[in-house]
Amino acid sequence: MADVDVTVIGGGIVGCAVAARAAGDGLATVLLERGPQLAGGTTSRNSEVVHGGMYYPTDSLKAQLCVEGRRKLRTFCEVNGIRYRECGKLIVAVEPDELPVLEEIHAQGEINGVEGLRLIDATEVSSLEPEVRAVGALWSPHTAVMDAEACAKAYGRKAQTASAQVLCGAEVVGLSLEADSWRVEVAPPVGGGREGWQHTSRWVVNAAGLYADRVAELAGIDVDARQWRLRWVKGNYFAISPRHDGRVGRLVYPVPPRDGSSLGTHLCLDVAGRLRLGPDVEVLPPRAGEDYRVDEERADDFYRGARRFLPFLEREDLTPDMSGLRPRRVAWWTEGFADFVVARESSDRQGLINLVGIESPGLTAAPAIADRVGDWLSG
Ligand SMILES: Cc1cc2nc3c(=O)[nH]c(=O)nc-3n(C[C@H](O)[C@H](O)[C@H](O)COP(=O)(O)OP(=O)(O)OC[C@H]3O[C@@H](n4cnc5c(N)ncnc54)[C@H](O)[C@@H]3O)c2cc1C
């Protein structure tokens, strides 16, 4: 018999939500995070937008899990006192030739089941946001901002309350299948203080974010053959001078680039209403390290892009802020779109579940991913 029922690898929002669901279902659960605390990875380096789900192709996991996840996340935040603000979002057309793109996104949103979407004209845009320049917009009233790190930690606490063991400084370095359970090898924490160890687990859930391809390789999976190899795509942010605080009260996105590489460099608000711009798209070379420095030189591009719809901006309003890394599957470059991988192994890797390529809208989708995985674990 295995030592535990479920081992979750990775303590970002996805791993924490999976552990909360598994432990809540009465399964003996261990959550292993290699960093010194939960939610220290991509979960705390993003726009913190709870997306509606209108951009993603019909029936894709991104579309399904985003739409389902938004509703679940809102309820979870309400029940657990996590800051969540339904400020809404405008996708703006600055030139008339961008209006057909809004219609396409609107139509896709309707197919995906996004609630409340509406195309609005320039007059309505100015009544909502007088400082924003646009000839028309797609209005998404239920798009929100939230405190992502607090949310992930609340899932972690929920898991602990339901008797999960949550261990930080615990990097998984080996996975092997023995009879009907997985042997999980954990390294001692950097800096010492505890021995490494091994335990056996009936299920293993790989929620290792930027390293999910490497964790899959530990289990012997050929990630290149499956197009699960990840390339890190950095998203940089610039803060907008606090002298503009309160000038815009909703998220404002441009029409996204046609290549689908991002949603476009947008105006983000955090839960406190502070303004920043980002993220852009900077593809890092293979095997680049985690480097979160923001290059000041990028400010000109941010300024040019955002000034189209935020005419009050001055170049000196922008200062380098934070950055985050997207775990993007290589399939994106070959196929033009790469969906989430939420996959349960069978036969010779029975009991392993891989969550790979969980880039945006991964924060929004996290509770829905957790429920999908939870149904497999409990079923
Ligand atoms: C710039 C940017 C903007 C974004 N904006 C949004 C947004 O507005 N809305 C949205 O919905 N999504 C957004 N996303 C996506 C969202 O942030 C991610 O999808 C989400 O945070 C992924 O969470 P995760 O738990 O999968 O990964 P992570 O938060 O990266 O957690 C994975 C964890 O696994 C740990 N780990 C790795 N390897 C091991 C190992 N061997 N052993 C133990 N632990 C390990 C890591 O230390 C890490 O803490 C954005 C992402 C980026 C980069």
# chains A, B, ... in the order shown; residues from 1 in each chain; ligands from 1

call {"tool": "closest_atom_pairs", "arguments": {"of": "chain A", "to": "ligand 1", "cutoff": "6 Å", "atoms": "only C-alpha atoms and all ligand atoms", "output": "JSON lines"}}
result
{"residue": "A:Ile9", "atom": "CA", "partner": "ligand 1", "partner_atom_place_in_ligand_line": "43 (C)", "distance": 5.0}
{"residue": "A:Gly10", "atom": "CA", "partner": "ligand 1", "partner_atom_place_in_ligand_line": "34 (O)", "distance": 3.2}
{"residue": "A:Gly11", "atom": "CA", "partner": "ligand 1", "partner_atom_place_in_ligand_line": "33 (C)", "distance": 4.8}
{"residue": "A:Gly12", "atom": "CA", "partner": "ligand 1", "partner_atom_place_in_ligand_line": "25 (O)", "distance": 3.2}
{"residue": "A:Ile13", "atom": "CA", "partner": "ligand 1", "partner_atom_place_in_ligand_line": "25 (O)", "distance": 4.1}
{"residue": "A:Val14", "atom": "CA", "partner": "ligand 1", "partner_atom_place_in_ligand_line": "25 (O)", "distance": 3.8}
{"residue": "A:Gly15", "atom": "CA", "partner": "ligand 1", "partner_atom_place_in_ligand_line": "25 (O)", "distance": 5.3}
{"residue": "A:Leu32", "atom": "CA", "partner": "ligand 1", "partner_atom_place_in_ligand_line": "43 (C)", "distance": 5.2}
{"residue": "A:Glu33", "atom": "CA", "partner": "ligand 1", "partner_atom_place_in_ligand_line": "44 (N)", "distance": 3.8}
{"residue": "A:Arg34", "atom": "CA", "partner": "ligand 1", "partner_atom_place_in_ligand_line": "44 (N)", "distance": 4.0}
{"residue": "A:Gly35", "atom": "CA", "partner": "ligand 1", "partner_atom_place_in_ligand_line": "47 (O)", "distance": 4.9}
{"residue": "A:Ala39", "atom": "CA", "partner": "ligand 1", "partner_atom_place_in_ligand_line": "49 (O)", "distance": 5.4}
{"residue": "A:Gly40", "atom": "CA", "partner": "ligand 1", "partner_atom_place_in_ligand_line": "49 (O)", "distance": 5.3}
{"residue": "A:Gly41", "atom": "CA", "partner": "ligand 1", "partner_atom_place_in_ligand_line": "30 (O)", "distance": 4.2}
{"residue": "A:Thr42", "atom": "CA", "partner": "ligand 1", "partner_atom_place_in_ligand_line": "29 (O)", "distance": 4.0}
{"residue": "A:Thr43", "atom": "CA", "partner": "ligand 1", "partner_atom_place_in_ligand_line": "21 (O)", "distance": 3.4}
{"residue": "A:Asn46", "atom": "CA", "partner": "ligand 1", "partner_atom_place_in_ligand_line": "3 (C)", "distance": 3.6}
{"residue": "A:Ser47", "atom": "CA", "partner": "ligand 1", "partner_atom_place_in_ligand_line": "8 (O)", "distance": 3.8}
{"residue": "A:Glu48", "atom": "CA", "partner": "ligand 1", "partner_atom_place_in_ligand_line": "8 (O)", "distance": 4.4}
{"residue": "A:Val49", "atom": "CA", "partner": "ligand 1", "partner_atom_place_in_ligand_line": "8 (O)", "distance": 3.6}
{"residue": "A:Val50", "atom": "CA", "partner": "ligand 1", "partner_atom_place_in_ligand_line": "9 (N)", "distance": 5.4}
{"residue": "A:His51", "atom": "CA", "partner": "ligand 1", "partner_atom_place_in_ligand_line": "11 (O)", "distance": 5.9}
{"residue": "A:Ala170", "atom": "CA", "partner": "ligand 1", "partner_atom_place_in_ligand_line": "43 (C)", "distance": 5.8}
{"residue": "A:Glu171", "atom": "CA", "partner": "ligand 1", "partner_atom_place_in_ligand_line": "42 (N)", "distance": 3.6}
{"residue": "A:Val172", "atom": "CA", "partner": "ligand 1", "partner_atom_place_in_ligand_line": "42 (N)", "distance": 4.0}
{"residue": "A:Val173", "atom": "CA", "partner": "ligand 1", "partner_atom_place_in_ligand_line": "41 (N)", "distance": 5.8}
{"residue": "A:Ala207", "atom": "CA", "partner": "ligand 1", "partner_atom_place_in_ligand_line": "26 (O)", "distance": 5.5}
{"residue": "A:Ala208", "atom": "CA", "partner": "ligand 1", "partner_atom_place_in_ligand_line": "34 (O)", "distance": 3.5}
{"residue": "A:Gly209", "atom": "CA", "partner": "ligand 1", "partner_atom_place_in_ligand_line": "27 (O)", "distance": 3.7}
{"residue": "A:Leu210", "atom": "CA", "partner": "ligand 1", "partner_atom_place_in_ligand_line": "30 (O)", "distance": 5.6}
{"residue": "A:Tyr211", "atom": "CA", "partner": "ligand 1", "partner_atom_place_in_ligand_line": "38 (N)", "distance": 4.9}
{"residue": "A:Val215", "atom": "CA", "partner": "ligand 1", "partner_atom_place_in_ligand_line": "41 (N)", "distance": 5.9}
{"residue": "A:Gly235", "atom": "CA", "partner": "ligand 1", "partner_atom_place_in_ligand_line": "1 (C)", "distance": 4.2}
{"residue": "A:Pro279", "atom": "CA", "partner": "ligand 1", "partner_atom_place_in_ligand_line": "1 (C)", "distance": 5.3}
{"residue": "A:Gly324", "atom": "CA", "partner": "ligand 1", "partner_atom_place_in_ligand_line": "53 (C)", "distance": 4.1}
{"residue": "A:Leu325", "atom": "CA", "partner": "ligand 1", "partner_atom_place_in_ligand_line": "53 (C)", "distance": 4.0}
{"residue": "A:Arg326", "atom": "CA", "partner": "ligand 1", "partner_atom_place_in_ligand_line": "53 (C)", "distance": 3.9}
{"residue": "A:Ile358", "atom": "CA", "partner": "ligand 1", "partner_atom_place_in_ligand_line": "19 (O)", "distance": 4.7}
{"residue": "A:Glu359", "atom": "CA", "partner": "ligand 1", "partner_atom_place_in_ligand_line": "19 (O)", "distance": 3.8}
{"residue": "A:Ser360", "atom": "CA", "partner": "ligand 1", "partner_atom_place_in_ligand_line": "15 (C)", "distance": 3.5}
{"residue": "A:Pro361", "atom": "CA", "partner": "ligand 1", "partner_atom_place_in_ligand_line": "11 (O)", "distance": 3.4}
{"residue": "A:Gly362", "atom": "CA", "partner": "ligand 1", "partner_atom_place_in_ligand_line": "19 (O)", "distance": 3.1}
{"residue": "A:Leu363", "atom": "CA", "partner": "ligand 1", "partner_atom_place_in_ligand_line": "11 (O)", "distance": 3.6}
{"residue": "A:Thr364", "atom": "CA", "partner": "ligand 1", "partner_atom_place_in_ligand_line": "11 (O)", "distance": 3.9}

call {"tool": "residues_around", "arguments": {"residues": "Tyr237 (chain A)", "least_positions_apart": "6", "cutoff": "7 Å", "atoms": "only C-alpha atoms", "output": "list in words"}}
result
Arg276, Leu277, Gly278, Pro279, Pro320, Asp321, Met322 and Ser323 of chain A

call {"tool": "atom_distance", "arguments": {"atom1": "CA of Ala152 (chain A)", "atom2": "CA of Leu61 (chain A)"}}
result
21.0 Å

call {"tool": "residues_around", "arguments": {"residues": "region 90-102 of chain A", "least_positions_apart": "2", "cutoff": "9 Å", "atoms": "only C-alpha atoms", "output": "ChimeraX atom specification"}}
result
/A:88,104-107,119,125,132-141,250-256,308-309

call {"tool": "select_by_dssp", "arguments": {"residues": "region 72-199 of chain A", "states": "alpha helix (DSSP H)", "output": "VMD selection string"}}
result
chain A and resid 72 to 80 99 to 112 122 to 128 148 to 161

call {"tool": "atom_distance", "arguments": {"atom1": "CA of Phe302 (chain A)", "atom2": "CA of Pro257 (chain A)"}}
result
14.4 Å

call {"tool": "closest_residue", "arguments": {"among": "A:Ala370, A:Cys151, A:Val294, A:Thr29", "to": "His199 (chain A)", "atoms": "only C-alpha atoms"}}
result
A:Thr29

call {"tool": "residues_around", "arguments": {"residues": "region 329-334 of chain A", "least_positions_apart": "6", "cutoff": "8 Å", "atoms": "only C-alpha atoms", "output": "PDB file with C-alpha atoms, in the first residue's frame"}}
result
ATOM      1  CA  GLN A 227       5.012  18.844 -27.970  1.00  0.00           C
ATOM      2  CA  TRP A 228       5.047  19.496 -24.239  1.00  0.00           C
ATOM      3  CA  ARG A 229       8.483  21.171 -24.244  1.00  0.00           C
ATOM      4  CA  LEU A 230       8.187  24.642 -22.729  1.00  0.00           C
ATOM      5  CA  ARG A 231       9.796  27.876 -23.905  1.00  0.00           C
ATOM      6  CA  VAL A 356       1.659  21.456 -18.757  1.00  0.00           C
ATOM      7  CA  GLY A 357       1.644  24.824 -20.517  1.00  0.00           C
TER       8      GLY A 357
END

call {"tool": "closest_residue", "arguments": {"among": "A:Ala219, A:Leu263, A:Ala148, A:Ile369", "to": "Trp182 (chain A)", "atoms": "only C-alpha atoms"}}
result
A:Ala219

call {"tool": "select_by_dssp", "arguments": {"residues": "region 189-264 of chain A", "states": "strand (DSSP E or B)", "output": "PyMOL selection string"}}
result
chain A and resi 197-206+230-240+251-254

call {"tool": "write_last_selection", "arguments": {"atoms": "N, CA and C atoms", "output": "compact mmCIF listing (two decimals), in the first residue's frame"}}
result
# COMPACT_ATOMS: atom_id res chain seq x y z
N TRP A 197 14.10 12.82 1.25
CA TRP A 197 13.39 11.58 1.58
C TRP A 197 12.71 11.02 0.33
N GLN A 198 12.18 9.83 0.49
CA GLN A 198 11.37 9.21 -0.58
C GLN A 198 10.06 8.74 0.04
N HIS A 199 9.00 8.83 -0.71
CA HIS A 199 7.76 8.20 -0.26
C HIS A 199 7.04 7.63 -1.48
N THR A 200 6.03 6.82 -1.23
CA THR A 200 5.25 6.29 -2.35
C THR A 200 3.86 6.92 -2.34
N SER A 201 3.31 7.06 -3.55
CA SER A 201 2.05 7.78 -3.71
C SER A 201 1.24 7.11 -4.80
N ARG A 202 -0.05 6.95 -4.55
CA ARG A 202 -0.92 6.31 -5.54
C ARG A 202 -1.06 7.20 -6.78
N TRP A 203 -1.19 8.51 -6.53
CA TRP A 203 -1.32 9.48 -7.62
C TRP A 203 -0.21 10.52 -7.50
N VAL A 204 0.26 11.02 -8.63
CA VAL A 204 1.17 12.17 -8.64
C VAL A 204 0.58 13.20 -9.61
N VAL A 205 0.46 14.44 -9.15
CA VAL A 205 -0.04 15.52 -10.01
C VAL A 205 1.10 16.50 -10.25
N ASN A 206 1.48 16.63 -11.51
CA ASN A 206 2.57 17.52 -11.88
C ASN A 206 2.00 18.90 -12.18
N LEU A 230 8.57 23.26 -23.01
CA LEU A 230 8.19 24.64 -22.73
C LEU A 230 9.28 25.60 -23.15
N ARG A 231 8.90 26.74 -23.73
CA ARG A 231 9.80 27.88 -23.90
C ARG A 231 9.26 28.97 -23.01
N TRP A 232 10.15 29.63 -22.31
CA TRP A 232 9.69 30.69 -21.42
C TRP A 232 9.56 32.00 -22.20
N VAL A 233 8.43 32.62 -22.07
CA VAL A 233 8.16 33.88 -22.76
C VAL A 233 7.91 34.94 -21.68
N LYS A 234 8.86 35.85 -21.61
CA LYS A 234 8.80 36.84 -20.54
C LYS A 234 7.77 37.92 -20.86
N GLY A 235 7.08 38.38 -19.84
CA GLY A 235 6.17 39.52 -19.96
C GLY A 235 6.63 40.58 -19.00
N ASN A 236 7.02 41.75 -19.56
CA ASN A 236 7.52 42.86 -18.72
C ASN A 236 6.40 43.84 -18.45
N TYR A 237 6.48 44.52 -17.32
CA TYR A 237 5.50 45.54 -16.95
C TYR A 237 6.20 46.86 -16.64
N PHE A 238 5.50 47.95 -16.94
CA PHE A 238 5.96 49.28 -16.51
C PHE A 238 4.88 49.91 -15.64
N ALA A 239 5.31 50.49 -14.52
CA ALA A 239 4.36 51.19 -13.64
C ALA A 239 4.06 52.57 -14.23
N ILE A 240 2.83 53.01 -14.04
CA ILE A 240 2.43 54.37 -14.47
C ILE A 240 2.46 55.27 -13.23
N LEU A 251 -10.08 47.88 -16.74
CA LEU A 251 -8.96 47.35 -17.53
C LEU A 251 -9.18 47.76 -18.98
N VAL A 252 -8.11 48.18 -19.65
CA VAL A 252 -8.25 48.59 -21.05
C VAL A 252 -7.21 47.85 -21.88
N TYR A 253 -7.72 47.06 -22.84
CA TYR A 253 -6.85 46.26 -23.71
C TYR A 253 -6.99 46.77 -25.14
N PRO A 254 -5.88 46.73 -25.89
CA PRO A 254 -6.01 47.02 -27.32
C PRO A 254 -6.56 45.79 -28.04

call {"tool": "atom_distance", "arguments": {"atom1": "CA of Glu217 (chain A)", "atom2": "CA of Glu290 (chain A)"}}
result
19.7 Å

call {"tool": "closest_residue", "arguments": {"among": "A:Cys168, A:Met1, A:Ala179, A:Cys66", "to": "Gly193 (chain A)", "atoms": "only C-alpha atoms"}}
result
A:Cys168

call {"tool": "residues_around", "arguments": {"residues": "Arg85 (chain A)", "least_positions_apart": "2", "cutoff": "9 Å", "atoms": "only C-alpha atoms", "output": "VMD selection string"}}
result
chain A and resid 83 87 to 88 143 to 146 270 to 271

call {"tool": "residues_around", "arguments": {"residues": "Gly191 (chain A)", "least_positions_apart": "3", "cutoff": "10 Å", "atoms": "only C-alpha atoms", "output": "JSON, numbers by chain"}}
result
{"A": [169, 188, 194]}

call {"tool": "closest_residue", "arguments": {"among": "A:Glu195, A:Pro57, A:Pro367, A:Leu310", "to": "Phe76 (chain A)", "atoms": "only C-alpha atoms"}}
result
A:Pro367
